[in-house]
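Have a look at model_16.tsv; it's TSV, C-alpha atoms:
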```tsv
chain	number	residue	atom	x	y	z
A	21	MET	CA	-14.62	18.16	-40.36
A	22	ARG	CA	-16.73	15.53	-38.66
A	23	SER	CA	-15.53	13.06	-36.13
A	24	ARG	CA	-17.78	10.06	-36.15
A	25	LEU	CA	-17.27	6.86	-34.26
A	26	LYS	CA	-16.80	4.00	-36.67
A	27	TRP	CA	-17.42	0.29	-36.12
A	28	GLY	CA	-13.70	-0.46	-35.69
A	29	ASP	CA	-13.35	2.28	-33.07
A	30	ALA	CA	-16.15	0.74	-31.03
A	31	VAL	CA	-14.46	-2.68	-31.18
A	32	ILE	CA	-11.15	-1.23	-29.97
A	33	ILE	CA	-12.86	0.58	-27.09
A	34	ALA	CA	-14.72	-2.60	-26.10
A	35	VAL	CA	-11.50	-4.66	-26.14
A	36	VAL	CA	-9.69	-2.11	-23.96
A	37	LEU	CA	-12.57	-2.04	-21.46
A	38	VAL	CA	-12.67	-5.86	-21.26
A	39	LEU	CA	-8.89	-6.02	-20.71
A	40	ALA	CA	-9.08	-3.34	-18.00
A	41	ALA	CA	-11.86	-5.25	-16.21
A	42	ALA	CA	-9.90	-8.51	-16.43
A	43	LEU	CA	-6.75	-6.92	-14.98
A	44	THR	CA	-8.71	-5.30	-12.17
A	45	ALA	CA	-10.34	-8.62	-11.30
A	46	ALA	CA	-7.01	-10.49	-11.43
A	47	PHE	CA	-5.15	-8.08	-9.16
A	48	GLY	CA	-8.07	-7.64	-6.77
A	49	ALA	CA	-8.62	-11.39	-6.33
A	50	GLY	CA	-4.97	-12.00	-5.50
A	51	THR	CA	-5.02	-10.06	-2.24
A	52	GLN	CA	-8.44	-10.92	-0.83
A	53	GLY	CA	-7.38	-14.12	0.91
A	54	ASP	CA	-4.11	-12.76	2.26
A	55	ARG	CA	-3.73	-11.62	5.82
A	56	LEU	CA	-2.25	-8.15	6.01
A	57	TYR	CA	0.29	-6.93	8.53
A	58	ALA	CA	1.70	-3.47	9.17
A	59	GLU	CA	5.41	-3.49	9.91
A	60	VAL	CA	7.11	-0.50	11.52
A	61	TRP	CA	10.87	-0.35	11.08
A	62	GLN	CA	13.21	2.19	12.68
A	63	ASP	CA	16.99	2.22	12.20
A	64	ASN	CA	16.78	-1.09	10.30
A	65	GLN	CA	15.13	-2.84	13.25
A	66	LEU	CA	11.58	-4.14	13.38
A	67	VAL	CA	9.74	-2.12	16.03
A	68	GLU	CA	6.28	-3.69	15.68
A	69	ARG	CA	4.31	-6.00	13.43
A	70	VAL	CA	0.55	-5.65	13.79
A	71	ALA	CA	-2.11	-7.77	12.09
A	72	LEU	CA	-4.55	-5.58	10.17
A	73	ASN	CA	-8.19	-6.62	10.40
A	74	ASP	CA	-11.54	-4.87	10.66
A	75	GLY	CA	-11.15	-4.34	14.40
A	76	THR	CA	-7.67	-2.83	14.33
A	77	ASP	CA	-7.51	0.60	15.98
A	78	ARG	CA	-4.03	1.52	17.14
A	79	THR	CA	-1.66	4.46	17.28
A	80	ILE	CA	2.10	3.99	17.42
A	81	ASP	CA	4.21	6.94	18.61
A	82	LEU	CA	7.92	6.71	17.81
A	83	ASP	CA	9.48	9.01	20.42
A	84	GLY	CA	7.44	11.95	19.15
A	85	HIS	CA	9.20	11.91	15.78
A	86	ASN	CA	6.59	9.91	13.87
A	87	VAL	CA	3.00	8.95	14.66
A	88	ILE	CA	1.53	5.95	12.82
A	89	VAL	CA	-2.19	5.23	12.84
A	90	LEU	CA	-3.52	1.73	12.13
A	91	SER	CA	-7.24	1.67	11.45
A	92	GLY	CA	-9.07	-1.35	10.11
A	93	LYS	CA	-7.16	-2.84	7.19
A	94	SER	CA	-5.18	0.35	6.54
A	95	ALA	CA	-2.16	2.18	7.91
A	96	ARG	CA	-0.86	5.71	7.51
A	97	MET	CA	1.88	7.95	8.78
A	98	ALA	CA	-0.24	10.57	10.55
A	99	SER	CA	2.52	13.00	11.46
A	100	ALA	CA	6.27	13.45	11.38
A	101	ASP	CA	8.66	16.14	12.55
A	102	CYS	CA	10.73	16.07	9.35
A	103	ARG	CA	10.75	19.09	7.00
A	104	ASP	CA	9.61	17.52	3.72
A	105	GLN	CA	6.58	15.53	5.03
A	106	VAL	CA	6.81	13.03	2.13
A	107	CYS	CA	5.93	10.16	4.44
A	108	VAL	CA	2.75	11.90	5.62
A	109	ARG	CA	1.72	12.86	2.08
A	110	THR	CA	2.08	9.24	0.96
A	111	GLY	CA	-1.42	8.74	2.34
A	112	THR	CA	-3.22	5.62	3.46
A	113	LEU	CA	-1.70	2.22	2.74
A	114	THR	CA	-4.20	-0.57	2.09
A	115	ARG	CA	-2.44	-3.25	-0.01
A	116	ALA	CA	0.51	-5.54	0.47
A	117	GLY	CA	3.67	-4.04	-0.97
A	118	GLN	CA	2.80	-0.42	-0.23
A	119	PHE	CA	5.09	1.57	2.06
A	120	ALA	CA	5.79	5.01	3.46
A	121	VAL	CA	9.34	6.08	4.30
A	122	CYS	CA	10.59	8.92	6.50
A	123	LEU	CA	14.25	9.22	5.54
A	124	PRO	CA	15.31	11.90	8.06
A	125	ASN	CA	13.99	9.79	10.96
A	126	ARG	CA	14.90	6.43	9.36
A	127	VAL	CA	11.35	5.07	9.74
A	128	VAL	CA	9.64	2.68	7.33
A	129	LEU	CA	5.97	1.72	7.47
A	130	LYS	CA	5.07	-1.10	5.13
A	131	ILE	CA	2.15	-3.40	4.50
A	132	VAL	CA	3.04	-7.04	4.00
A	133	GLY	CA	0.78	-9.93	3.11
A	134	GLU	CA	0.88	-13.51	4.24
A	135	SER	CA	-0.68	-16.21	2.15
A	136	GLY	CA	-0.57	-19.97	2.27
A	137	GLU	CA	0.94	-20.22	-1.19
A	138	ILE	CA	4.63	-20.40	-2.05
A	139	ASP	CA	5.63	-17.72	-4.53
A	140	ALA	CA	9.08	-19.03	-5.41
A	141	ILE	CA	11.87	-21.26	-4.21
A	142	VAL	CA	15.42	-20.06	-4.83
A	143	SER	CA	18.42	-22.24	-4.23
```
Would you put the structure from the file into structure tokens?
Amino acid sequence: MRSRLKWGDAVIIAVVLVLAAALTAAFGAGTQGDRLYAEVWQDNQLVERVALNDGTDRTIDLDGHNVIVLSGKSARMASADCRDQVCVRTGTLTRAGQFAVCLPNRVVLKIVGESGEIDAIVS
């Protein structure tokens, strides 16, 4: 029982690779011009909004319950005193739309983008 790669298989593989490269380029190009901000919310109130750029180096301590580290164009929940540690295990956030949530402490860390384009107008 031989498994040989046929001409049609090679074409399918090539098409999938080209589509993957096109999708990667499309999604990557959409966020390059955007300015990124880290927003820290606690109890449904905005605590801080910090612009993320190459020089950002900041630590935000929320009453000892959560520690948020902003470094360069990334943000992460460094520590939390909750039992499950889901917010800490979320890892480093680097793109607009990513977020980490600590439900027991009611803390949300999210990355938002700001661009000059209008996405939609709803009336």
Work out how far atom CA of Ala58 of chain A is from atom CA of Arg78 of chain A, in Å to one decimal.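 It comes out at 11.0 Å.
The two atoms in question, atom CA of Glu59 of chain A and atom CA of Val132 of chain A, are spaced 7.3 Å apart.
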Cys107 of chain A environment, 9 Å, only C-alpha atoms, sequence neighbours closer than 2 positions dropped, as an mmCIF file with C-alpha atoms, in the coordinates of the input:
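result.cif was written with the following content:
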```cif
data_model
loop_
_atom_site.group_PDB
_atom_site.id
_atom_site.type_symbol
_atom_site.label_atom_id
_atom_site.label_comp_id
_atom_site.auth_asym_id
_atom_site.auth_seq_id
_atom_site.Cartn_x
_atom_site.Cartn_y
_atom_site.Cartn_z
ATOM 1 C CA ARG A 96 -0.860 5.710 7.510
ATOM 2 C CA MET A 97 1.880 7.950 8.780
ATOM 3 C CA ALA A 98 -0.240 10.570 10.550
ATOM 4 C CA SER A 99 2.520 13.000 11.460
ATOM 5 C CA ALA A 100 6.270 13.450 11.380
ATOM 6 C CA ASP A 104 9.610 17.520 3.720
ATOM 7 C CA GLN A 105 6.580 15.530 5.030
ATOM 8 C CA ARG A 109 1.720 12.860 2.080
ATOM 9 C CA THR A 110 2.080 9.240 0.960
ATOM 10 C CA GLY A 111 -1.420 8.740 2.340
ATOM 11 C CA PHE A 119 5.090 1.570 2.060
ATOM 12 C CA ALA A 120 5.790 5.010 3.460
ATOM 13 C CA VAL A 121 9.340 6.080 4.300
ATOM 14 C CA CYS A 122 10.590 8.920 6.500
ATOM 15 C CA LEU A 123 14.250 9.220 5.540
ATOM 16 C CA VAL A 128 9.640 2.680 7.330
ATOM 17 C CA LEU A 129 5.970 1.720 7.470
#
```
Counting only C-alpha atoms, the option among A:Ile88, A:Trp61, A:Ser94, A:Arg126 closest to Gly75 of chain A: A:Ser94
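Distance check against Arg115 of chain A using only C-alpha atoms: of A:Val67, A:Val87, A:Ala40, A:Leu56, the minimum falls on A:Leu56.
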Nearest candidate to Asn125 of chain A (options A:Arg55, A:His85, A:Arg69, A:Lys26; using all atoms listed in the file):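 The answer is A:His85, which sits nearest to Asn125 of chain A.
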Between A:Val106, A:Val31, A:Thr76, A:Asp101, which has the minimum distance to Val89 of chain A (counting all atoms listed in the file)? A:Thr76
